[in-house]
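File shown here: start_5.txt, holding compact mmCIF, N, CA and C atoms.
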```
# COMPACT_ATOMS: atom_id res chain seq x y z
N MET A 289 0.84 -1.17 0.00
CA MET A 289 0.00 0.00 0.00
C MET A 289 0.88 1.23 0.00
N ASN A 290 0.68 2.13 -0.92
CA ASN A 290 1.47 3.36 -0.97
C ASN A 290 0.82 4.42 -0.12
N GLN A 291 1.60 4.96 0.80
CA GLN A 291 1.11 6.07 1.61
C GLN A 291 2.14 7.17 1.53
N PRO A 292 1.70 8.43 1.46
CA PRO A 292 2.65 9.52 1.39
C PRO A 292 3.43 9.62 2.69
N LEU A 293 4.70 9.97 2.56
CA LEU A 293 5.53 10.18 3.73
C LEU A 293 5.16 11.52 4.34
N THR A 294 5.12 11.57 5.65
CA THR A 294 4.81 12.83 6.31
C THR A 294 5.97 13.21 7.19
N LYS A 295 6.14 14.53 7.35
CA LYS A 295 7.23 15.04 8.17
C LYS A 295 6.77 15.09 9.61
N SER A 296 7.71 14.84 10.49
CA SER A 296 7.42 14.96 11.92
C SER A 296 7.37 16.42 12.29
N SER A 297 6.47 16.76 13.20
CA SER A 297 6.36 18.16 13.62
C SER A 297 7.56 18.58 14.44
N ALA A 298 8.42 17.63 14.83
CA ALA A 298 9.59 17.97 15.62
C ALA A 298 10.73 18.50 14.76
N GLN A 299 10.63 18.42 13.43
CA GLN A 299 11.70 18.90 12.57
C GLN A 299 11.73 20.41 12.60
N PRO A 300 12.94 20.99 12.57
CA PRO A 300 13.05 22.45 12.59
C PRO A 300 12.49 23.09 11.32
N ALA A 301 12.10 24.36 11.45
CA ALA A 301 11.54 25.10 10.31
C ALA A 301 12.56 25.25 9.19
N SER A 302 13.85 25.23 9.53
CA SER A 302 14.88 25.38 8.50
C SER A 302 14.84 24.20 7.53
N ASP A 303 14.48 23.01 8.01
CA ASP A 303 14.34 21.86 7.12
C ASP A 303 13.21 22.09 6.13
N ASP A 304 12.09 22.65 6.61
CA ASP A 304 10.96 22.95 5.74
C ASP A 304 11.36 23.96 4.67
N ALA A 305 12.10 25.00 5.07
CA ALA A 305 12.54 26.01 4.12
C ALA A 305 13.48 25.41 3.09
N GLU A 306 14.36 24.53 3.56
CA GLU A 306 15.32 23.90 2.65
C GLU A 306 14.60 22.99 1.66
N LEU A 307 13.62 22.22 2.16
CA LEU A 307 12.85 21.35 1.26
C LEU A 307 12.06 22.18 0.25
N ALA A 308 11.48 23.29 0.70
CA ALA A 308 10.73 24.15 -0.22
C ALA A 308 11.65 24.73 -1.28
N ALA A 309 12.85 25.14 -0.87
CA ALA A 309 13.81 25.70 -1.83
C ALA A 309 14.24 24.64 -2.84
N GLN A 310 14.47 23.41 -2.37
CA GLN A 310 14.86 22.32 -3.28
C GLN A 310 13.73 22.01 -4.25
N GLU A 311 12.50 22.00 -3.75
CA GLU A 311 11.36 21.72 -4.64
C GLU A 311 11.18 22.82 -5.67
N ASP A 312 11.35 24.09 -5.24
CA ASP A 312 11.28 25.21 -6.19
C ASP A 312 12.34 25.06 -7.26
N GLN A 313 13.56 24.71 -6.85
CA GLN A 313 14.66 24.55 -7.80
C GLN A 313 14.34 23.41 -8.78
N LEU A 314 13.81 22.31 -8.26
CA LEU A 314 13.46 21.18 -9.12
C LEU A 314 12.35 21.56 -10.10
N ASN A 315 11.33 22.27 -9.61
CA ASN A 315 10.23 22.69 -10.50
C ASN A 315 10.73 23.64 -11.58
N LYS A 316 11.66 24.55 -11.24
CA LYS A 316 12.22 25.46 -12.25
C LYS A 316 13.00 24.67 -13.29
N ALA A 317 13.77 23.67 -12.83
CA ALA A 317 14.54 22.85 -13.77
C ALA A 317 13.62 22.07 -14.70
N ILE A 318 12.52 21.57 -14.14
CA ILE A 318 11.55 20.82 -14.97
C ILE A 318 10.94 21.74 -16.01
N GLU A 319 10.56 22.94 -15.61
CA GLU A 319 9.97 23.89 -16.56
C GLU A 319 10.98 24.27 -17.64
N GLU A 320 12.24 24.46 -17.25
CA GLU A 320 13.27 24.80 -18.24
C GLU A 320 13.46 23.65 -19.22
N LEU A 321 13.46 22.42 -18.69
CA LEU A 321 13.59 21.25 -19.56
C LEU A 321 12.43 21.15 -20.53
N LYS A 322 11.22 21.40 -20.04
CA LYS A 322 10.06 21.36 -20.93
C LYS A 322 10.22 22.37 -22.05
N GLY A 323 10.70 23.57 -21.71
CA GLY A 323 10.92 24.60 -22.73
C GLY A 323 11.95 24.17 -23.74
N VAL A 324 13.06 23.61 -23.27
CA VAL A 324 14.13 23.17 -24.17
C VAL A 324 13.63 22.03 -25.05
N LEU A 325 12.91 21.10 -24.47
CA LEU A 325 12.42 19.96 -25.25
C LEU A 325 11.42 20.37 -26.31
N HIS A 326 10.61 21.37 -26.02
CA HIS A 326 9.58 21.78 -26.96
C HIS A 326 10.06 22.80 -27.98
N GLU A 327 11.23 23.40 -27.75
CA GLU A 327 11.75 24.36 -28.73
C GLU A 327 12.13 23.65 -30.02
N GLY A 328 12.86 22.55 -29.86
CA GLY A 328 13.30 21.78 -31.02
C GLY A 328 14.33 22.53 -31.84
N GLN A 329 15.12 21.78 -32.59
CA GLN A 329 16.12 22.37 -33.47
C GLN A 329 15.82 21.96 -34.89
N ALA A 330 16.19 22.82 -35.81
CA ALA A 330 16.03 22.48 -37.22
C ALA A 330 16.98 21.34 -37.56
N PRO A 331 16.59 20.43 -38.45
CA PRO A 331 17.47 19.32 -38.82
C PRO A 331 18.79 19.83 -39.34
N GLY A 332 19.89 19.23 -38.85
CA GLY A 332 21.22 19.61 -39.31
C GLY A 332 21.82 20.79 -38.58
N SER A 333 21.06 21.49 -37.74
CA SER A 333 21.63 22.63 -37.03
C SER A 333 22.38 22.14 -35.82
N THR A 334 23.34 22.95 -35.37
CA THR A 334 24.11 22.61 -34.17
C THR A 334 24.05 23.78 -33.23
N ALA A 335 24.29 23.51 -31.95
CA ALA A 335 24.25 24.57 -30.96
C ALA A 335 25.36 25.58 -31.21
N GLY A 336 26.51 25.14 -31.67
CA GLY A 336 27.61 26.05 -31.96
C GLY A 336 27.25 27.02 -33.07
N ALA A 337 26.59 26.55 -34.09
CA ALA A 337 26.19 27.43 -35.19
C ALA A 337 25.16 28.44 -34.70
N ALA A 338 24.27 28.02 -33.81
CA ALA A 338 23.26 28.94 -33.30
C ALA A 338 23.91 30.04 -32.47
N SER A 339 24.93 29.72 -31.70
CA SER A 339 25.55 30.74 -30.86
C SER A 339 26.36 31.72 -31.69
N ARG A 340 26.88 31.30 -32.84
CA ARG A 340 27.61 32.23 -33.71
C ARG A 340 26.65 33.10 -34.49
N ALA A 341 25.46 32.59 -34.79
CA ALA A 341 24.52 33.31 -35.63
C ALA A 341 23.76 34.40 -34.89
N MET A 342 23.50 34.20 -33.59
CA MET A 342 22.69 35.16 -32.85
C MET A 342 23.41 35.61 -31.60
N PRO A 343 23.41 36.92 -31.33
CA PRO A 343 23.95 37.35 -30.05
C PRO A 343 23.04 36.86 -28.93
N GLY A 344 23.64 36.49 -27.81
CA GLY A 344 22.85 36.00 -26.68
C GLY A 344 22.48 34.54 -26.80
N ALA A 345 22.91 33.88 -27.87
CA ALA A 345 22.57 32.47 -28.05
C ALA A 345 23.44 31.58 -27.17
N GLY A 346 24.46 32.15 -26.54
CA GLY A 346 25.29 31.37 -25.62
C GLY A 346 24.47 30.82 -24.48
N ALA A 347 23.47 31.56 -24.03
CA ALA A 347 22.60 31.07 -22.96
C ALA A 347 21.81 29.86 -23.43
N VAL A 348 21.39 29.88 -24.70
CA VAL A 348 20.67 28.73 -25.25
C VAL A 348 21.60 27.54 -25.31
N THR A 349 22.86 27.76 -25.73
CA THR A 349 23.84 26.69 -25.80
C THR A 349 24.06 26.10 -24.42
N ASP A 350 24.19 26.96 -23.41
CA ASP A 350 24.37 26.48 -22.04
C ASP A 350 23.16 25.67 -21.59
N SER A 351 21.96 26.15 -21.92
CA SER A 351 20.75 25.43 -21.55
C SER A 351 20.70 24.05 -22.21
N LEU A 352 21.08 23.99 -23.49
CA LEU A 352 21.09 22.71 -24.19
C LEU A 352 22.13 21.77 -23.58
N ARG A 353 23.29 22.30 -23.23
CA ARG A 353 24.34 21.50 -22.61
C ARG A 353 23.85 20.98 -21.25
N ASN A 354 23.24 21.86 -20.44
CA ASN A 354 22.71 21.44 -19.15
C ASN A 354 21.60 20.41 -19.32
N ALA A 355 20.77 20.61 -20.31
CA ALA A 355 19.68 19.68 -20.56
C ALA A 355 20.22 18.30 -20.93
N SER A 356 21.30 18.26 -21.71
CA SER A 356 21.85 16.96 -22.10
C SER A 356 22.43 16.22 -20.89
N VAL A 357 22.97 16.96 -19.92
CA VAL A 357 23.47 16.32 -18.70
C VAL A 357 22.29 15.77 -17.91
N ILE A 358 21.25 16.56 -17.77
CA ILE A 358 20.08 16.15 -17.00
C ILE A 358 19.38 14.98 -17.66
N MET A 359 19.36 14.93 -18.98
CA MET A 359 18.65 13.87 -19.69
C MET A 359 19.25 12.49 -19.44
N ASN A 360 20.49 12.43 -18.95
CA ASN A 360 21.13 11.13 -18.68
C ASN A 360 20.95 10.66 -17.24
N ILE A 361 20.21 11.40 -16.42
CA ILE A 361 19.98 11.00 -15.03
C ILE A 361 18.90 9.93 -15.02
N PRO A 362 19.19 8.77 -14.42
CA PRO A 362 18.16 7.72 -14.37
C PRO A 362 17.07 8.07 -13.36
N VAL A 363 15.83 7.75 -13.69
CA VAL A 363 14.70 7.97 -12.80
C VAL A 363 13.92 6.66 -12.67
N ASP A 364 13.18 6.53 -11.58
CA ASP A 364 12.38 5.35 -11.32
C ASP A 364 10.97 5.61 -11.84
N VAL A 365 10.57 4.91 -12.90
CA VAL A 365 9.24 5.05 -13.49
C VAL A 365 8.41 3.84 -13.08
N GLN A 366 7.24 4.10 -12.50
CA GLN A 366 6.36 3.02 -12.07
C GLN A 366 4.97 3.24 -12.65
N ILE A 367 4.32 2.15 -13.01
CA ILE A 367 2.94 2.17 -13.48
C ILE A 367 2.11 1.49 -12.39
N MET A 368 1.20 2.24 -11.81
CA MET A 368 0.40 1.72 -10.69
C MET A 368 -0.92 1.16 -11.23
N LEU A 369 -1.02 -0.15 -11.27
CA LEU A 369 -2.24 -0.81 -11.73
C LEU A 369 -3.33 -0.73 -10.68
N GLY A 370 -2.95 -0.67 -9.42
CA GLY A 370 -3.92 -0.61 -8.34
C GLY A 370 -3.27 -1.06 -7.05
N SER A 371 -4.07 -1.09 -6.00
CA SER A 371 -3.56 -1.54 -4.71
C SER A 371 -4.68 -2.28 -3.99
N ALA A 372 -4.31 -2.92 -2.90
CA ALA A 372 -5.28 -3.66 -2.10
C ALA A 372 -4.90 -3.51 -0.64
N GLU A 373 -5.91 -3.57 0.20
CA GLU A 373 -5.69 -3.54 1.63
C GLU A 373 -6.31 -4.80 2.20
N MET A 374 -5.54 -5.47 3.07
CA MET A 374 -6.04 -6.72 3.65
C MET A 374 -5.42 -6.93 5.02
N PRO A 375 -6.09 -7.69 5.85
CA PRO A 375 -5.50 -8.01 7.15
C PRO A 375 -4.29 -8.92 6.98
N VAL A 376 -3.43 -8.90 7.95
CA VAL A 376 -2.22 -9.73 7.90
C VAL A 376 -2.59 -11.20 7.76
N SER A 377 -3.66 -11.62 8.39
CA SER A 377 -4.05 -13.03 8.30
C SER A 377 -4.35 -13.44 6.85
N ASP A 378 -5.02 -12.54 6.09
CA ASP A 378 -5.27 -12.82 4.67
C ASP A 378 -3.98 -12.83 3.87
N LEU A 379 -3.09 -11.91 4.21
CA LEU A 379 -1.79 -11.84 3.53
C LEU A 379 -1.01 -13.14 3.76
N MET A 380 -1.02 -13.62 4.98
CA MET A 380 -0.29 -14.85 5.30
C MET A 380 -0.92 -16.08 4.64
N ALA A 381 -2.20 -16.00 4.31
CA ALA A 381 -2.90 -17.14 3.69
C ALA A 381 -2.68 -17.20 2.18
N LEU A 382 -2.07 -16.17 1.58
CA LEU A 382 -1.85 -16.17 0.13
C LEU A 382 -0.93 -17.32 -0.26
N GLN A 383 -1.22 -17.92 -1.40
CA GLN A 383 -0.40 -19.00 -1.92
C GLN A 383 -0.44 -18.96 -3.44
N LYS A 384 0.31 -19.82 -4.05
CA LYS A 384 0.33 -19.87 -5.51
C LYS A 384 -1.10 -20.09 -6.02
N GLY A 385 -1.52 -19.24 -6.95
CA GLY A 385 -2.86 -19.34 -7.51
C GLY A 385 -3.86 -18.40 -6.85
N SER A 386 -3.49 -17.80 -5.71
CA SER A 386 -4.39 -16.84 -5.05
C SER A 386 -4.58 -15.62 -5.93
N VAL A 387 -5.74 -15.02 -5.86
CA VAL A 387 -6.04 -13.81 -6.61
C VAL A 387 -6.26 -12.68 -5.62
N VAL A 388 -5.59 -11.56 -5.83
CA VAL A 388 -5.76 -10.38 -4.99
C VAL A 388 -6.54 -9.35 -5.79
N ALA A 389 -7.72 -8.96 -5.30
CA ALA A 389 -8.55 -7.96 -5.98
C ALA A 389 -7.96 -6.58 -5.74
N LEU A 390 -7.77 -5.83 -6.81
CA LEU A 390 -7.23 -4.47 -6.72
C LEU A 390 -8.36 -3.46 -6.64
N ASP A 391 -8.01 -2.24 -6.25
CA ASP A 391 -9.03 -1.19 -6.08
C ASP A 391 -9.42 -0.51 -7.40
N ARG A 392 -8.89 -0.97 -8.51
CA ARG A 392 -9.25 -0.40 -9.81
C ARG A 392 -9.91 -1.46 -10.67
N ARG A 393 -10.74 -0.97 -11.59
CA ARG A 393 -11.45 -1.88 -12.48
C ARG A 393 -10.77 -1.90 -13.85
N ILE A 394 -11.06 -2.92 -14.62
CA ILE A 394 -10.52 -3.03 -15.98
C ILE A 394 -11.02 -1.83 -16.77
N GLY A 395 -10.13 -1.19 -17.50
CA GLY A 395 -10.48 -0.03 -18.32
C GLY A 395 -10.25 1.30 -17.62
N GLU A 396 -10.07 1.31 -16.30
CA GLU A 396 -9.78 2.55 -15.59
C GLU A 396 -8.34 2.95 -15.88
N PRO A 397 -8.07 4.25 -15.91
CA PRO A 397 -6.70 4.69 -16.16
C PRO A 397 -5.75 4.24 -15.05
N VAL A 398 -4.50 4.01 -15.42
CA VAL A 398 -3.45 3.68 -14.46
C VAL A 398 -2.58 4.92 -14.26
N ASP A 399 -1.95 5.01 -13.10
CA ASP A 399 -1.09 6.14 -12.79
C ASP A 399 0.34 5.86 -13.22
N VAL A 400 0.99 6.87 -13.78
CA VAL A 400 2.40 6.80 -14.13
C VAL A 400 3.13 7.71 -13.15
N THR A 401 4.05 7.13 -12.38
CA THR A 401 4.79 7.93 -11.41
C THR A 401 6.27 7.91 -11.74
N VAL A 402 6.93 9.03 -11.48
CA VAL A 402 8.38 9.14 -11.65
C VAL A 402 8.94 9.60 -10.31
N ASN A 403 9.82 8.78 -9.77
CA ASN A 403 10.41 9.05 -8.46
C ASN A 403 9.34 9.37 -7.42
N GLY A 404 8.24 8.63 -7.46
CA GLY A 404 7.19 8.79 -6.47
C GLY A 404 6.18 9.89 -6.74
N ARG A 405 6.37 10.68 -7.78
CA ARG A 405 5.45 11.78 -8.10
C ARG A 405 4.63 11.40 -9.32
N ARG A 406 3.29 11.49 -9.19
CA ARG A 406 2.43 11.15 -10.33
C ARG A 406 2.58 12.21 -11.40
N ILE A 407 2.91 11.77 -12.62
CA ILE A 407 3.11 12.71 -13.72
C ILE A 407 2.11 12.53 -14.85
N ALA A 408 1.45 11.36 -14.88
CA ALA A 408 0.54 11.11 -15.99
C ALA A 408 -0.41 9.98 -15.63
N ARG A 409 -1.42 9.80 -16.49
CA ARG A 409 -2.34 8.68 -16.41
C ARG A 409 -2.44 8.10 -17.81
N GLY A 410 -2.78 6.85 -17.89
CA GLY A 410 -2.88 6.24 -19.20
C GLY A 410 -3.66 4.94 -19.17
N GLU A 411 -3.76 4.36 -20.35
CA GLU A 411 -4.48 3.09 -20.47
C GLU A 411 -3.52 2.01 -20.94
N ILE A 412 -3.76 0.82 -20.47
CA ILE A 412 -2.91 -0.32 -20.84
C ILE A 412 -3.22 -0.70 -22.28
N THR A 413 -2.17 -0.98 -23.03
CA THR A 413 -2.34 -1.36 -24.43
C THR A 413 -1.35 -2.46 -24.78
N VAL A 414 -1.68 -3.27 -25.78
CA VAL A 414 -0.78 -4.30 -26.28
C VAL A 414 0.14 -3.66 -27.31
N MET A 415 1.42 -3.98 -27.25
CA MET A 415 2.40 -3.41 -28.16
C MET A 415 2.18 -3.97 -29.57
N ASP A 416 2.14 -3.07 -30.56
CA ASP A 416 1.91 -3.50 -31.95
C ASP A 416 3.03 -4.40 -32.45
N ASN A 417 4.27 -4.05 -32.12
CA ASN A 417 5.41 -4.79 -32.66
C ASN A 417 5.71 -6.07 -31.89
N ASP A 418 5.07 -6.26 -30.71
CA ASP A 418 5.29 -7.48 -29.92
C ASP A 418 4.04 -7.74 -29.07
N PRO A 419 3.09 -8.53 -29.61
CA PRO A 419 1.83 -8.75 -28.89
C PRO A 419 1.98 -9.48 -27.56
N SER A 420 3.17 -10.00 -27.26
CA SER A 420 3.36 -10.66 -25.97
C SER A 420 3.71 -9.65 -24.87
N ARG A 421 3.82 -8.37 -25.25
CA ARG A 421 4.15 -7.32 -24.28
C ARG A 421 3.05 -6.27 -24.27
N PHE A 422 2.97 -5.56 -23.16
CA PHE A 422 2.02 -4.46 -23.10
C PHE A 422 2.73 -3.19 -22.66
N GLY A 423 2.07 -2.08 -22.88
CA GLY A 423 2.63 -0.77 -22.53
C GLY A 423 1.50 0.13 -22.07
N ILE A 424 1.81 1.40 -21.94
CA ILE A 424 0.84 2.39 -21.48
C ILE A 424 0.71 3.47 -22.55
N ARG A 425 -0.52 3.75 -22.96
CA ARG A 425 -0.80 4.88 -23.86
C ARG A 425 -1.23 6.03 -22.96
N LEU A 426 -0.44 7.11 -22.95
CA LEU A 426 -0.73 8.24 -22.07
C LEU A 426 -1.98 8.96 -22.54
N THR A 427 -2.89 9.20 -21.60
CA THR A 427 -4.13 9.90 -21.91
C THR A 427 -4.22 11.24 -21.20
N GLU A 428 -3.40 11.44 -20.18
CA GLU A 428 -3.43 12.69 -19.42
C GLU A 428 -2.05 12.95 -18.84
N ILE A 429 -1.56 14.18 -19.02
CA ILE A 429 -0.31 14.61 -18.40
C ILE A 429 -0.69 15.49 -17.22
N ILE A 430 -0.17 15.16 -16.05
CA ILE A 430 -0.48 15.93 -14.84
C ILE A 430 0.42 17.17 -14.81
N GLN A 431 -0.20 18.34 -14.70
CA GLN A 431 0.56 19.59 -14.65
C GLN A 431 1.25 19.72 -13.31
N ALA A 432 2.51 20.20 -13.35
CA ALA A 432 3.27 20.40 -12.12
C ALA A 432 2.62 21.53 -11.33
N THR A 433 2.41 21.28 -10.06
CA THR A 433 1.85 22.31 -9.19
C THR A 433 2.80 22.56 -8.05
N LYS A 434 2.85 23.78 -7.61
CA LYS A 434 3.73 24.13 -6.50
C LYS A 434 3.02 23.81 -5.21
N THR A 435 3.70 23.04 -4.36
CA THR A 435 3.12 22.70 -3.07
C THR A 435 3.58 23.69 -2.03
N THR A 436 2.72 23.96 -1.07
CA THR A 436 3.08 24.92 -0.02
C THR A 436 3.33 24.24 1.29
```

Just give me the structure as structure tokens.
Amino acid sequence: MNQPLTKSSAQPASDDAELAAQEDQLNKAIEELKGVLHEGQAPGSTAGAASRAMPGAGAVTDSLRNASVIMNIPVDVQIMLGSAEMPVSDLMALQKGSVVALDRRIGEPVDVTVNGRRIARGEITVMDNDPSRFGIRLTEIIQATKTT
């Protein structure tokens, strides 16, 4: 069962401020990445050519360089099909062939989480190129919101 982690009220306020600052920094980086990803480059163009052609393009080159570093950071992507809650006695009685009923129904969207944060929802689909595998077709992208 996934439950959000909560902070103890005994933690100093400086920890809260530091966490808020880190989250703000992360949200700014995400927004910058979205901008860089959606700008796109013309086929055959290079960042060096762009910086020579336009004054102030050095900042764009730096952003692209920073984006390429960030793009290589591994993240944990999870698809949440559902969850179940049961007493320990039922859990201990599970055996091969047991079926655990989940809290979602067939056809309901599944959650896509990255590093524990829900970023999208989608529907399960069979892969065209390999019918023995399935994937997720994204149907909704969750907008980043600032938490207080």

Exercise for the section: Find the residue from A:Asp399, A:Asp350, A:Asp416, A:Asp391 that sits nearest to Met374 (chain A); use only C-alpha atoms when measuring. Expected result: A:Asp391

Exercise for the section: To one decimal in Å, tell me the separation between CA of Asn354 (chain A) and atom C of Thr427 (chain A). Expected result: 28.9 Å

Problem - Residue contacts of Thr413 (chain A) (6 Å, all atoms listed in the file) excluding same-chain residues fewer than 2 positions away, as a count of residues only - result: 7

Practice task
To one decimal in Å, tell me the separation between CA of Val357 (chain A) and CA of Asp312 (chain A).
Solution key: 19.6 Å

Exercise for the section: Mind giving me the straight-line distance from atom N of Leu352 (chain A) to atom N of Lys316 (chain A) in Å, one decimal? Expected result: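 Atom-to-atom, atom N of Leu352 (chain A) and atom N of Lys316 (chain A) are spaced 15.5 Å apart.
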
Fill in the blank from the handout: Using all atoms listed in the file, the best pick from A:Gly370, A:Val376, A:Glu319, A:Asp418 as closest to Pro397 (chain A) would be A:Gly370

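Among the candidate residues A:Ala432, A:Ala389, A:Val398, A:Ala381, the one lying nearest to Met368 (chain A) is A:Val398, with distances computed using only N, CA and C atoms.
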
Practice task
Considering only C-alpha atoms, state which residue in the set A:Val414, A:Ala408, A:Leu369, A:Ile358 is at the smallest distance from Arg393 (chain A).
Solution key: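 Closest candidate: A:Leu369.
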
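Remark: for Gly410 (chain A), the closest of the candidate residues A:Val365, A:Ile394, A:Glu428, A:Gln383 is A:Glu428 (distances computed over only N, CA and C atoms).
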
Practice task
Write out as a list in words all residues of region 367-433 of chain A that DSSP puts in strand (DSSP E or B) for this structure's backbone.
Solution key: Ile367, Met368, Val398, Asp399, Val400, Thr401, Val402, Arg405, Arg406, Ile407, Ala408, Arg409, Gly410, Glu411, Ile412, Thr413, Val414, Phe422, Gly423, Ile424, Arg425, Leu426, Thr427, Glu428 and Ile429 of chain A
